[in-house]
Structure formats: structure tokens, C-alpha cells
Amino acid sequence: MTPTEAETLIAQYFKHEGYHVEMPPPNTKGYDIELYRGEQCIAVQVKAHKAPCNISMIQKFQGFLELPIAAKFTDGWFISFSGFSSPAKADINREQPQNLGLGTYRVPDAKLLWDYLDPITTPLPPPPPPPLPPKQKYVGVFTSKGGVGKTTVSAHLAGAFALMGYDVVLLDLDPDKNLRKLFLQDLQDHEGDASLYVPPPPHTNQLGASITVLNHDQWDPESDPDTQIIICDCAPELSCNPEDLIKKFDYCIIPTTLNPLGIAKNANVIVRTFRHIRRLNQSVEMFAVINSYITDKTKAKKNEVMLRSLVKALEKFLNQDSLAHFIDPTDVAIRRSDALLYWGYHIFDGSKPQLAFQFNGGISHPRTDFLQLAEYLEYHTDIQALKAAER
């Protein structure tokens, strides 16, 4: 379906619903349709993609609604023909933005189903729980060198999936057991409960989700079939990681940092890790992702030079293995933040474990970044298949 055909369908739908519909001038950016009814003036964006619409698309539309040129609009509605990704819905339902609507248009029965509307002005019934993946998904998080944030990435990726409504098991394979320490409910009981409850979005009747930290010998997938996401914080020494788990991995992640002194070493270790994993698992998708990424515009040139060097060092292997990827930081990166830097401070002040997802001035970069990473993993295979089909 072309964008014009999709916009025509949505315009007809809202005309039938009693709205006055106007189409903006050609080449208008930011929205596709204007709706008027009473005091309402609504900007509507329409997407007819094959893949579900993601966080970045919604954030771009929200950014448009904040511009002076959008001041006349009382509301903004984002209408998708393919629905919205689980991370996108989790992000919106937790932020509860006002004057925003997300709707999925179902072509077969010509119905618009609302995924989200501002609960202050338009109460909605609770959304259905997120669909379960077809099977338990295993994610391995490896290290390229010390200090790249492997344990932090493991924990907060688990938090992102929990925000999406999935119970998560974190398997602590690192001999240091830092992951377990950071989730202990009682710091004095080293063998006690290491877990975290992630509450549901406000104003909904959804259940929250749990994160449970286990050792490898404590995990029995058959006794806990409801847990769909298993994330492994892997040992730095590759041979110390159980081969039976590596063979189960659907995704492997290697976080790395942009550091002039470490890029050559990082690339070498990333390739060596990719090769080790591939020998044991022929179908796993492997990703290198930038952690602690500095987005300051004054560092853009340096970032560009270092990224080019890192990609060049990985290029030979990536060209040989179609399931190995370097994630461009313009798509997904874990931004440098004080919240992540000081994550785990609760072990010093004696408070309960928590993730670095707290809002500061209405913003939580870690929360957004890890939801985007979860989204990238969850939909990457489908998107690649669609691109291959289109070619």
C-alpha cells in the first residue's frame, strides 16, 4: 500500500466518524492529515510500513508537535497500519504524554483500534498484555574488555524487556557475581533473594513484571515455561561459558566504547568473540553496540573518525558472516549518563535495588536507549527478512 492510499483510507475513516478533514499542502513535513471537530484541531500522521512502528518514529512525531509551527494543533494522532512495537507501547504507556494518540488501523474490517490515548482526556480500557514470543529467547552479553559495561547492559536490557511486560531471568555466569550482588534484596544475605519487580504503567490494569537473577545450575526452563526472556551475563573468559547455553542463544551482544587507545584491541576481541560463538551456534545473530556514547555535538568529528576506524577493523569478519552486525549509533546506542555511571550506589546507602530508569526533568535516556535496543533485537530479524523479500 502506498502512503497516498493509506492517507486516503484514514481520511475516509475520520470523515465517516464525523470529523472535518483537510489535507495539508503538498510536501508538508511532520503530519499528513488535519482533523477538525468542535475545538479540536488534530494533526494525524499515517504510516503504512510492513514492520511495527518504533520508538524513534513516535518521538519524531512528538518533536514535531512541540514545534511552533504545530501550535494550532490541540492533539496529535499517529496511525499505523502495522501496529507498534512492544518497546514503543511500553515507553508511551509509562510516560503518559498528553494530547497524543496511537492507533492501529485494521484494513480487513476497516477498524481503528487505539493503542494509546491521553488518559486524562480520554479514558481507555486496559490494553491487552504483550504477545509472548514463540519460544523462550536467549540473549548472551559478552565483553570486549574490562569496563565496557557488560553487567550494566545485561541488567538494563532485562529492565527494558520487563517494561514491555515480560518476566526475565538473568543468568549470572561471571565468576565475580556482580549482577547478583546488585540485585540482592538483603545485602547481608549473599545467597538470598536477588530480584526486582518492575511495576506496570500507571492508569492501567496490567500486571508488572519480574527480573530474577539465577546461577546457571539454578535455571530450569521446563519448570518455568512462562519466563520468555533469558539474558546471560557471560564470563569474560570465553571458555568459562557453558556451551549448552551458547548453543541456545538467539542473540549475542558485545558492548564496546569509543576510546582512541582501545579501539584496535576492542575490535580484535569482538571478532575473536564472534568467532568463538559462531563455532558453537550457527544461527545466533551477533551485535556489537556502543556503550557510554557521547552525543555532544562538539565530539561529532572525533566520534566519526573513531567509528570509521572501528567499522574498518570489523569489516572483514562482518562481510563474511551475514548474522554478525555492528549497530550504528545513529540507530541504537547507550548514551553516557550519570544515571548509569552511578547505578548500583544502593549497595553503599543500603537502599533497595533499582535500575537507572528514573526520570530527570521528565527524561530518562537509559530507559529510552535500552527500550530501543530491545526493540532492535526483537524486530531486527523480521525487518531483515522484509528487506530481503523486497529485493
# chains A, B, ... in the order shown; residues from 1 in each chain; ligands from 1

call {"tool": "residues_around", "arguments": {"residues": "Leu371 (chain A)", "least_positions_apart": "2", "cutoff": "8 Å", "atoms": "only C-alpha atoms", "output": "PyMOL selection string"}}
result
chain A and resi 87-88+91+157+160-161+367-369+373-375

call {"tool": "write_last_selection", "arguments": {"atoms": "N, CA and C atoms", "output": "short mmCIF file (atom, residue, chain, number, x, y, z; two decimals), in the first residue's frame"}}
result
data_model
loop_
_atom_site.label_atom_id
_atom_site.label_comp_id
_atom_site.auth_asym_id
_atom_site.auth_seq_id
_atom_site.Cartn_x
_atom_site.Cartn_y
_atom_site.Cartn_z
N PRO A 87 8.32 -2.24 22.72
CA PRO A 87 9.02 -1.17 23.44
C PRO A 87 8.37 0.19 23.26
N ALA A 88 7.87 0.47 22.07
CA ALA A 88 7.22 1.76 21.82
C ALA A 88 5.99 1.93 22.70
N ASP A 91 7.01 2.38 26.33
CA ASP A 91 7.54 3.73 26.56
C ASP A 91 6.41 4.75 26.70
N LEU A 157 19.02 -4.16 29.94
CA LEU A 157 18.28 -4.80 28.86
C LEU A 157 17.17 -5.67 29.44
N ALA A 160 14.42 -3.35 30.29
CA ALA A 160 13.63 -2.93 29.13
C ALA A 160 12.59 -3.98 28.76
N PHE A 161 13.00 -5.25 28.75
CA PHE A 161 12.03 -6.31 28.45
C PHE A 161 10.96 -6.39 29.54
N ARG A 367 16.48 4.61 29.98
CA ARG A 367 15.23 3.90 29.72
C ARG A 367 14.92 3.86 28.23
N THR A 368 15.03 5.01 27.58
CA THR A 368 14.78 5.08 26.14
C THR A 368 15.78 4.25 25.36
N ASP A 369 17.07 4.36 25.72
CA ASP A 369 18.12 3.67 24.96
C ASP A 369 17.97 2.15 25.05
N LEU A 373 17.16 -0.68 22.23
CA LEU A 373 18.00 -1.86 21.99
C LEU A 373 17.14 -3.12 22.00
N ALA A 374 16.22 -3.23 22.96
CA ALA A 374 15.31 -4.38 22.99
C ALA A 374 14.49 -4.45 21.72
N GLU A 375 14.02 -3.29 21.28
CA GLU A 375 13.23 -3.22 20.05
C GLU A 375 14.06 -3.66 18.86
#

call {"tool": "atom_distance", "arguments": {"atom1": "CA of Lys72 (chain A)", "atom2": "CA of Ile42 (chain A)"}}
result
8.7 Å

call {"tool": "atom_distance", "arguments": {"atom1": "CA of Val21 (chain A)", "atom2": "CA of Glu5 (chain A)"}}
result
15.5 Å

call {"tool": "closest_residue", "arguments": {"among": "A:Pro25, A:Gly149, A:Gly18, A:Gly101", "to": "Ile58 (chain A)", "atoms": "only C-alpha atoms"}}
result
A:Gly101

call {"tool": "residues_around", "arguments": {"residues": "Asp186 (chain A)", "least_positions_apart": "6", "cutoff": "12 Å", "atoms": "only C-alpha atoms", "output": "list in words"}}
result
Arg180, Gly192, Asp193, Ala194, Ser195, His346, Ile347, Gly350, Ser351, Lys352 and Pro353 of chain A

call {"tool": "atom_distance", "arguments": {"atom1": "CA of Pro26 (chain A)", "atom2": "CA of Lys50 (chain A)"}}
result
24.2 Å

call {"tool": "residues_around", "arguments": {"residues": "Glu304 (chain A)", "least_positions_apart": "6", "cutoff": "12 Å", "atoms": "only C-alpha atoms", "output": "ChimeraX atom specification"}}
result
/A:258,260,293-295,297-298,310-311,328-330

call {"tool": "write_last_selection", "arguments": {"atoms": "C-alpha atoms", "output": "CSV table (one decimal), in the first residue's frame"}}
result
chain,number,residue,atom,x,y,z
A,258,LEU,CA,34.7,4.6,21.6
A,260,PRO,CA,41.2,6.1,21.0
A,293,TYR,CA,28.3,7.1,23.8
A,294,ILE,CA,28.9,10.8,24.0
A,295,THR,CA,26.4,12.7,21.8
A,297,LYS,CA,28.0,17.9,19.0
A,298,THR,CA,31.5,19.1,19.7
A,310,LEU,CA,36.2,0.5,14.4
A,311,VAL,CA,34.0,-0.4,11.5
A,328,ASP,CA,25.4,2.1,14.0
A,329,PRO,CA,25.0,4.5,17.0
A,330,THR,CA,22.5,6.6,14.9

call {"tool": "select_by_dssp", "arguments": {"residues": "region 37-152 of chain A", "states": "helix (DSSP H, G or I)", "output": "JSON, numbers by chain"}}
result
{"A": [55, 56, 57, 58, 59, 60, 61, 62, 63, 64, 65, 68, 69, 70, 86, 87, 88, 89, 90, 91, 92, 93, 94, 95, 150, 151, 152]}

call {"tool": "write_last_selection", "arguments": {"atoms": "C-alpha atoms", "output": "mmCIF file, in the first residue's frame"}}
result
data_model
loop_
_atom_site.group_PDB
_atom_site.id
_atom_site.type_symbol
_atom_site.label_atom_id
_atom_site.label_comp_id
_atom_site.auth_asym_id
_atom_site.auth_seq_id
_atom_site.Cartn_x
_atom_site.Cartn_y
_atom_site.Cartn_z
ATOM 1 C CA ILE A 55 10.047 4.434 19.421
ATOM 2 C CA SER A 56 12.052 6.751 17.180
ATOM 3 C CA MET A 57 9.139 7.337 14.797
ATOM 4 C CA ILE A 58 6.840 8.281 17.678
ATOM 5 C CA GLN A 59 9.456 10.516 19.278
ATOM 6 C CA LYS A 60 9.955 12.306 15.952
ATOM 7 C CA PHE A 61 6.199 12.966 15.747
ATOM 8 C CA GLN A 62 6.191 14.181 19.367
ATOM 9 C CA GLY A 63 9.058 16.506 18.466
ATOM 10 C CA PHE A 64 7.007 17.951 15.614
ATOM 11 C CA LEU A 65 4.058 18.601 17.963
ATOM 12 C CA PRO A 68 5.961 26.486 16.951
ATOM 13 C CA ILE A 69 4.527 25.524 13.549
ATOM 14 C CA ALA A 70 2.351 22.929 15.316
ATOM 15 C CA SER A 86 6.247 -3.563 22.301
ATOM 16 C CA PRO A 87 9.023 -1.168 23.442
ATOM 17 C CA ALA A 88 7.224 1.765 21.822
ATOM 18 C CA LYS A 89 3.956 0.953 23.604
ATOM 19 C CA ALA A 90 5.792 0.375 26.888
ATOM 20 C CA ASP A 91 7.545 3.731 26.558
ATOM 21 C CA ILE A 92 4.351 5.662 25.813
ATOM 22 C CA ASN A 93 2.229 3.917 28.447
ATOM 23 C CA ARG A 94 4.797 4.698 31.111
ATOM 24 C CA GLU A 95 5.388 8.325 30.070
ATOM 25 C CA LYS A 150 28.674 -5.734 30.215
ATOM 26 C CA THR A 151 26.861 -6.220 33.535
ATOM 27 C CA THR A 152 25.134 -2.834 33.316
#

call {"tool": "select_by_dssp", "arguments": {"residues": "region 95-288 of chain A", "states": "strand (DSSP E or B)", "output": "PyMOL selection string"}}
result
chain A and resi 100-106+111-117+137-141+168-172+184+194-198+209-214+229-233+251-256+285-288

call {"tool": "closest_residue", "arguments": {"among": "A:Lys47, A:Arg278, A:His16, A:Arg272", "to": "Lys247 (chain A)", "atoms": "only C-alpha atoms"}}
result
A:Arg278

call {"tool": "closest_residue", "arguments": {"among": "A:Thr104, A:Gln40, A:Gln12, A:Gln136", "to": "Pro221 (chain A)", "atoms": "only C-alpha atoms"}}
result
A:Gln136

call {"tool": "residues_around", "arguments": {"residues": "Thr74 (chain A)", "least_positions_apart": "6", "cutoff": "12 Å", "atoms": "only C-alpha atoms", "output": "list in words"}}
result
Glu34, Leu35, Tyr36, Arg37, Gly38, Glu39, Gln40, Cys41, Ile42, Ala43, Val44, Leu65, Glu66, Gln98, Asn99, Leu100, Gly101, Asp118 and Thr121 of chain A

call {"tool": "closest_atom_pairs", "arguments": {"of": "region 181-275 of chain A", "to": "region 323-326 of chain A", "cutoff": "12 Å", "atoms": "only C-alpha atoms", "output": "tab-separated table"}}
result
residue	atom	partner	partner_atom	distance
A:Asp250	CA	A:Leu323	CA	10.8
A:Tyr251	CA	A:Leu323	CA	9.7
A:Cys252	CA	A:Ala324	CA	9.3
A:Ile253	CA	A:His325	CA	9.7
A:Ile254	CA	A:Phe326	CA	9.5
A:Pro255	CA	A:Phe326	CA	10.2
A:Thr256	CA	A:Phe326	CA	10.4
A:Ala267	CA	A:Phe326	CA	10.7
A:Ile270	CA	A:Phe326	CA	10.2
A:Val271	CA	A:Ala324	CA	9.6
A:Thr273	CA	A:Ala324	CA	11.1
A:Phe274	CA	A:Ala324	CA	7.6
A:Arg275	CA	A:Ala324	CA	9.9

call {"tool": "closest_residue", "arguments": {"among": "A:Asn291, A:Gln218, A:Asn27, A:Thr257", "to": "Arg335 (chain A)", "atoms": "only C-alpha atoms"}}
result
A:Asn291

call {"tool": "residues_around", "arguments": {"residues": "Tyr197 (chain A)", "least_positions_apart": "5", "cutoff": "7 Å", "atoms": "only C-alpha atoms", "output": "list of chain:residue names"}}
result
A:Ala209, A:Ser210, A:Ile211

call {"tool": "write_last_selection", "arguments": {"atoms": "N, CA and C atoms", "output": "JSON list (two decimals), in the first residue's frame"}}
result
[["chain", "number", "residue", "atom", "x", "y", "z"],
["A", 209, "ALA", "N", 6.13, -6.88, 35.92],
["A", 209, "ALA", "CA", 6.99, -7.99, 35.52],
["A", 209, "ALA", "C", 8.12, -8.14, 36.52],
["A", 210, "SER", "N", 8.75, -9.31, 36.51],
["A", 210, "SER", "CA", 9.81, -9.58, 37.47],
["A", 210, "SER", "C", 11.13, -9.86, 36.75],
["A", 211, "ILE", "N", 12.22, -9.49, 37.42],
["A", 211, "ILE", "CA", 13.57, -9.85, 36.99],
["A", 211, "ILE", "C", 14.16, -10.70, 38.10]]

call {"tool": "residues_around", "arguments": {"residues": "region 230-235 of chain A", "least_positions_apart": "4", "cutoff": "7 Å", "atoms": "only C-alpha atoms", "output": "list in words"}}
result
Lys137, Tyr138, Val139, Gly140, Val141, Phe142, Thr151, Ser154, Ala158, Val168, Val169, Leu170, Leu171, Asp172, Leu173, Asp174, Pro175, Cys240 and Asn241 of chain A

call {"tool": "write_last_selection", "arguments": {"atoms": "N, CA, C and O atoms", "output": "PDB file, in the first residue's frame"}}
result
ATOM      1  N   LYS A 137      13.431 -16.800  24.489  1.00  0.00           N
ATOM      2  CA  LYS A 137      14.529 -16.146  23.793  1.00  0.00           C
ATOM      3  C   LYS A 137      15.730 -16.040  24.721  1.00  0.00           C
ATOM      4  O   LYS A 137      15.614 -15.563  25.854  1.00  0.00           O
ATOM      5  N   TYR A 138      16.884 -16.443  24.225  1.00  0.00           N
ATOM      6  CA  TYR A 138      18.123 -16.382  24.991  1.00  0.00           C
ATOM      7  C   TYR A 138      19.029 -15.290  24.413  1.00  0.00           C
ATOM      8  O   TYR A 138      19.243 -15.224  23.200  1.00  0.00           O
ATOM      9  N   VAL A 139      19.542 -14.445  25.307  1.00  0.00           N
ATOM     10  CA  VAL A 139      20.429 -13.361  24.912  1.00  0.00           C
ATOM     11  C   VAL A 139      21.712 -13.492  25.717  1.00  0.00           C
ATOM     12  O   VAL A 139      21.674 -13.564  26.952  1.00  0.00           O
ATOM     13  N   GLY A 140      22.845 -13.514  25.040  1.00  0.00           N
ATOM     14  CA  GLY A 140      24.136 -13.531  25.723  1.00  0.00           C
ATOM     15  C   GLY A 140      24.807 -12.178  25.618  1.00  0.00           C
ATOM     16  O   GLY A 140      24.845 -11.586  24.530  1.00  0.00           O
ATOM     17  N   VAL A 141      25.304 -11.648  26.727  1.00  0.00           N
ATOM     18  CA  VAL A 141      26.021 -10.375  26.721  1.00  0.00           C
ATOM     19  C   VAL A 141      27.472 -10.669  27.081  1.00  0.00           C
ATOM     20  O   VAL A 141      27.763 -11.188  28.167  1.00  0.00           O
ATOM     21  N   PHE A 142      28.377 -10.346  26.170  1.00  0.00           N
ATOM     22  CA  PHE A 142      29.793 -10.657  26.317  1.00  0.00           C
ATOM     23  C   PHE A 142      30.586  -9.368  26.499  1.00  0.00           C
ATOM     24  O   PHE A 142      30.065  -8.266  26.343  1.00  0.00           O
ATOM     25  N   THR A 151      27.864  -5.924  32.510  1.00  0.00           N
ATOM     26  CA  THR A 151      26.861  -6.220  33.535  1.00  0.00           C
ATOM     27  C   THR A 151      25.765  -5.160  33.547  1.00  0.00           C
ATOM     28  O   THR A 151      24.578  -5.481  33.695  1.00  0.00           O
ATOM     29  N   SER A 154      23.506  -5.909  30.623  1.00  0.00           N
ATOM     30  CA  SER A 154      22.674  -7.096  30.892  1.00  0.00           C
ATOM     31  C   SER A 154      21.480  -6.734  31.764  1.00  0.00           C
ATOM     32  O   SER A 154      20.327  -7.086  31.466  1.00  0.00           O
ATOM     33  N   ALA A 158      17.466  -6.342  30.553  1.00  0.00           N
ATOM     34  CA  ALA A 158      16.420  -7.087  31.266  1.00  0.00           C
ATOM     35  C   ALA A 158      15.314  -6.141  31.714  1.00  0.00           C
ATOM     36  O   ALA A 158      14.122  -6.450  31.608  1.00  0.00           O
ATOM     37  N   VAL A 168      11.664 -11.794  33.226  1.00  0.00           N
ATOM     38  CA  VAL A 168      13.019 -12.031  32.713  1.00  0.00           C
ATOM     39  C   VAL A 168      13.828 -12.784  33.757  1.00  0.00           C
ATOM     40  O   VAL A 168      13.762 -12.479  34.954  1.00  0.00           O
ATOM     41  N   VAL A 169      14.605 -13.748  33.293  1.00  0.00           N
ATOM     42  CA  VAL A 169      15.613 -14.397  34.137  1.00  0.00           C
ATOM     43  C   VAL A 169      16.979 -13.906  33.676  1.00  0.00           C
ATOM     44  O   VAL A 169      17.295 -13.933  32.480  1.00  0.00           O
ATOM     45  N   LEU A 170      17.776 -13.438  34.623  1.00  0.00           N
ATOM     46  CA  LEU A 170      19.160 -13.056  34.381  1.00  0.00           C
ATOM     47  C   LEU A 170      20.054 -14.164  34.906  1.00  0.00           C
ATOM     48  O   LEU A 170      20.026 -14.472  36.107  1.00  0.00           O
ATOM     49  N   LEU A 171      20.823 -14.778  34.029  1.00  0.00           N
ATOM     50  CA  LEU A 171      21.757 -15.809  34.462  1.00  0.00           C
ATOM     51  C   LEU A 171      23.137 -15.186  34.652  1.00  0.00           C
ATOM     52  O   LEU A 171      23.717 -14.641  33.704  1.00  0.00           O
ATOM     53  N   ASP A 172      23.633 -15.249  35.861  1.00  0.00           N
ATOM     54  CA  ASP A 172      24.919 -14.640  36.205  1.00  0.00           C
ATOM     55  C   ASP A 172      26.021 -15.668  35.990  1.00  0.00           C
ATOM     56  O   ASP A 172      26.260 -16.534  36.838  1.00  0.00           O
ATOM     57  N   LEU A 173      26.693 -15.594  34.851  1.00  0.00           N
ATOM     58  CA  LEU A 173      27.753 -16.541  34.517  1.00  0.00           C
ATOM     59  C   LEU A 173      29.138 -16.003  34.836  1.00  0.00           C
ATOM     60  O   LEU A 173      30.118 -16.745  34.741  1.00  0.00           O
ATOM     61  N   ASP A 174      29.221 -14.729  35.194  1.00  0.00           N
ATOM     62  CA  ASP A 174      30.514 -14.115  35.515  1.00  0.00           C
ATOM     63  C   ASP A 174      30.963 -14.573  36.901  1.00  0.00           C
ATOM     64  O   ASP A 174      30.198 -14.466  37.862  1.00  0.00           O
ATOM     65  N   PRO A 175      32.191 -15.090  37.037  1.00  0.00           N
ATOM     66  CA  PRO A 175      32.661 -15.564  38.348  1.00  0.00           C
ATOM     67  C   PRO A 175      32.599 -14.498  39.447  1.00  0.00           C
ATOM     68  O   PRO A 175      32.471 -14.831  40.625  1.00  0.00           O
ATOM     69  N   CYS A 240      34.841 -20.280  29.768  1.00  0.00           N
ATOM     70  CA  CYS A 240      34.132 -20.500  31.030  1.00  0.00           C
ATOM     71  C   CYS A 240      32.607 -20.465  30.874  1.00  0.00           C
ATOM     72  O   CYS A 240      31.886 -20.750  31.831  1.00  0.00           O
ATOM     73  N   ASN A 241      32.123 -20.087  29.714  1.00  0.00           N
ATOM     74  CA  ASN A 241      30.686 -20.014  29.496  1.00  0.00           C
ATOM     75  C   ASN A 241      30.160 -21.372  29.025  1.00  0.00           C
ATOM     76  O   ASN A 241      30.725 -21.965  28.101  1.00  0.00           O
TER      77      ASN A 241
END

call {"tool": "closest_residue", "arguments": {"among": "A:Ile263, A:Leu280, A:Leu340, A:Ala333", "to": "Lys312 (chain A)", "atoms": "only C-alpha atoms"}}
result
A:Ile263

call {"tool": "decode", "arguments": {"residues": "region 285-306 of chain A", "atoms": "N, CA, C and O atoms", "output": "PDB file, in the first residue's frame"}}
result
ATOM      1  N   GLU A 285      22.267 -14.478  16.020  1.00  0.00           N
ATOM      2  CA  GLU A 285      22.626 -13.155  15.490  1.00  0.00           C
ATOM      3  C   GLU A 285      23.479 -12.435  16.514  1.00  0.00           C
ATOM      4  O   GLU A 285      23.151 -12.409  17.713  1.00  0.00           O
ATOM      5  N   MET A 286      24.569 -11.845  16.053  1.00  0.00           N
ATOM      6  CA  MET A 286      25.545 -11.227  16.951  1.00  0.00           C
ATOM      7  C   MET A 286      25.657  -9.738  16.649  1.00  0.00           C
ATOM      8  O   MET A 286      25.682  -9.335  15.488  1.00  0.00           O
ATOM      9  N   PHE A 287      25.735  -8.938  17.719  1.00  0.00           N
ATOM     10  CA  PHE A 287      25.725  -7.480  17.574  1.00  0.00           C
ATOM     11  C   PHE A 287      26.806  -6.847  18.450  1.00  0.00           C
ATOM     12  O   PHE A 287      26.959  -7.219  19.621  1.00  0.00           O
ATOM     13  N   ALA A 288      27.521  -5.908  17.890  1.00  0.00           N
ATOM     14  CA  ALA A 288      28.369  -5.021  18.686  1.00  0.00           C
ATOM     15  C   ALA A 288      27.645  -3.686  18.800  1.00  0.00           C
ATOM     16  O   ALA A 288      27.125  -3.166  17.809  1.00  0.00           O
ATOM     17  N   VAL A 289      27.564  -3.140  20.015  1.00  0.00           N
ATOM     18  CA  VAL A 289      26.829  -1.894  20.252  1.00  0.00           C
ATOM     19  C   VAL A 289      27.689  -0.948  21.071  1.00  0.00           C
ATOM     20  O   VAL A 289      28.464  -1.381  21.934  1.00  0.00           O
ATOM     21  N   ILE A 290      27.586   0.339  20.794  1.00  0.00           N
ATOM     22  CA  ILE A 290      28.371   1.336  21.514  1.00  0.00           C
ATOM     23  C   ILE A 290      27.699   1.652  22.846  1.00  0.00           C
ATOM     24  O   ILE A 290      26.523   2.006  22.898  1.00  0.00           O
ATOM     25  N   ASN A 291      28.466   1.538  23.912  1.00  0.00           N
ATOM     26  CA  ASN A 291      28.002   1.915  25.252  1.00  0.00           C
ATOM     27  C   ASN A 291      28.732   3.180  25.680  1.00  0.00           C
ATOM     28  O   ASN A 291      29.833   3.475  25.213  1.00  0.00           O
ATOM     29  N   SER A 292      28.094   3.928  26.572  1.00  0.00           N
ATOM     30  CA  SER A 292      28.657   5.185  27.085  1.00  0.00           C
ATOM     31  C   SER A 292      28.989   6.133  25.932  1.00  0.00           C
ATOM     32  O   SER A 292      30.043   6.764  25.905  1.00  0.00           O
ATOM     33  N   TYR A 293      28.060   6.252  24.997  1.00  0.00           N
ATOM     34  CA  TYR A 293      28.266   7.059  23.798  1.00  0.00           C
ATOM     35  C   TYR A 293      28.052   8.534  24.110  1.00  0.00           C
ATOM     36  O   TYR A 293      27.034   8.920  24.690  1.00  0.00           O
ATOM     37  N   ILE A 294      28.995   9.359  23.729  1.00  0.00           N
ATOM     38  CA  ILE A 294      28.925  10.805  23.982  1.00  0.00           C
ATOM     39  C   ILE A 294      28.302  11.478  22.767  1.00  0.00           C
ATOM     40  O   ILE A 294      28.853  11.423  21.661  1.00  0.00           O
ATOM     41  N   THR A 295      27.152  12.089  22.966  1.00  0.00           N
ATOM     42  CA  THR A 295      26.409  12.680  21.848  1.00  0.00           C
ATOM     43  C   THR A 295      26.651  14.178  21.695  1.00  0.00           C
ATOM     44  O   THR A 295      26.038  14.809  20.852  1.00  0.00           O
ATOM     45  N   ASP A 296      27.519  14.737  22.515  1.00  0.00           N
ATOM     46  CA  ASP A 296      27.846  16.163  22.426  1.00  0.00           C
ATOM     47  C   ASP A 296      28.279  16.501  20.998  1.00  0.00           C
ATOM     48  O   ASP A 296      29.163  15.855  20.429  1.00  0.00           O
ATOM     49  N   LYS A 297      27.646  17.506  20.400  1.00  0.00           N
ATOM     50  CA  LYS A 297      27.955  17.868  19.012  1.00  0.00           C
ATOM     51  C   LYS A 297      29.416  18.262  18.817  1.00  0.00           C
ATOM     52  O   LYS A 297      29.963  18.110  17.721  1.00  0.00           O
ATOM     53  N   THR A 298      30.051  18.754  19.865  1.00  0.00           N
ATOM     54  CA  THR A 298      31.460  19.137  19.748  1.00  0.00           C
ATOM     55  C   THR A 298      32.362  17.918  19.587  1.00  0.00           C
ATOM     56  O   THR A 298      33.524  18.055  19.207  1.00  0.00           O
ATOM     57  N   LYS A 299      31.830  16.726  19.906  1.00  0.00           N
ATOM     58  CA  LYS A 299      32.620  15.492  19.774  1.00  0.00           C
ATOM     59  C   LYS A 299      32.267  14.733  18.500  1.00  0.00           C
ATOM     60  O   LYS A 299      32.771  13.626  18.280  1.00  0.00           O
ATOM     61  N   ALA A 300      31.401  15.303  17.664  1.00  0.00           N
ATOM     62  CA  ALA A 300      30.896  14.584  16.493  1.00  0.00           C
ATOM     63  C   ALA A 300      32.030  14.171  15.548  1.00  0.00           C
ATOM     64  O   ALA A 300      32.046  13.041  15.039  1.00  0.00           O
ATOM     65  N   LYS A 301      32.972  15.061  15.290  1.00  0.00           N
ATOM     66  CA  LYS A 301      34.064  14.746  14.364  1.00  0.00           C
ATOM     67  C   LYS A 301      34.931  13.621  14.912  1.00  0.00           C
ATOM     68  O   LYS A 301      35.298  12.687  14.187  1.00  0.00           O
ATOM     69  N   LYS A 302      35.255  13.694  16.196  1.00  0.00           N
ATOM     70  CA  LYS A 302      36.068  12.633  16.794  1.00  0.00           C
ATOM     71  C   LYS A 302      35.325  11.307  16.773  1.00  0.00           C
ATOM     72  O   LYS A 302      35.911  10.254  16.482  1.00  0.00           O
ATOM     73  N   ASN A 303      34.030  11.341  17.075  1.00  0.00           N
ATOM     74  CA  ASN A 303      33.232  10.116  17.018  1.00  0.00           C
ATOM     75  C   ASN A 303      33.250   9.514  15.616  1.00  0.00           C
ATOM     76  O   ASN A 303      33.376   8.300  15.449  1.00  0.00           O
ATOM     77  N   GLU A 304      33.101  10.375  14.627  1.00  0.00           N
ATOM     78  CA  GLU A 304      33.070   9.906  13.242  1.00  0.00           C
ATOM     79  C   GLU A 304      34.373   9.206  12.867  1.00  0.00           C
ATOM     80  O   GLU A 304      34.369   8.132  12.252  1.00  0.00           O
ATOM     81  N   VAL A 305      35.497   9.800  13.254  1.00  0.00           N
ATOM     82  CA  VAL A 305      36.804   9.218  12.925  1.00  0.00           C
ATOM     83  C   VAL A 305      36.990   7.876  13.633  1.00  0.00           C
ATOM     84  O   VAL A 305      37.423   6.890  13.026  1.00  0.00           O
ATOM     85  N   MET A 306      36.631   7.825  14.933  1.00  0.00           N
ATOM     86  CA  MET A 306      36.819   6.583  15.684  1.00  0.00           C
ATOM     87  C   MET A 306      35.865   5.501  15.214  1.00  0.00           C
ATOM     88  O   MET A 306      36.239   4.322  15.137  1.00  0.00           O
TER      89      MET A 306
END
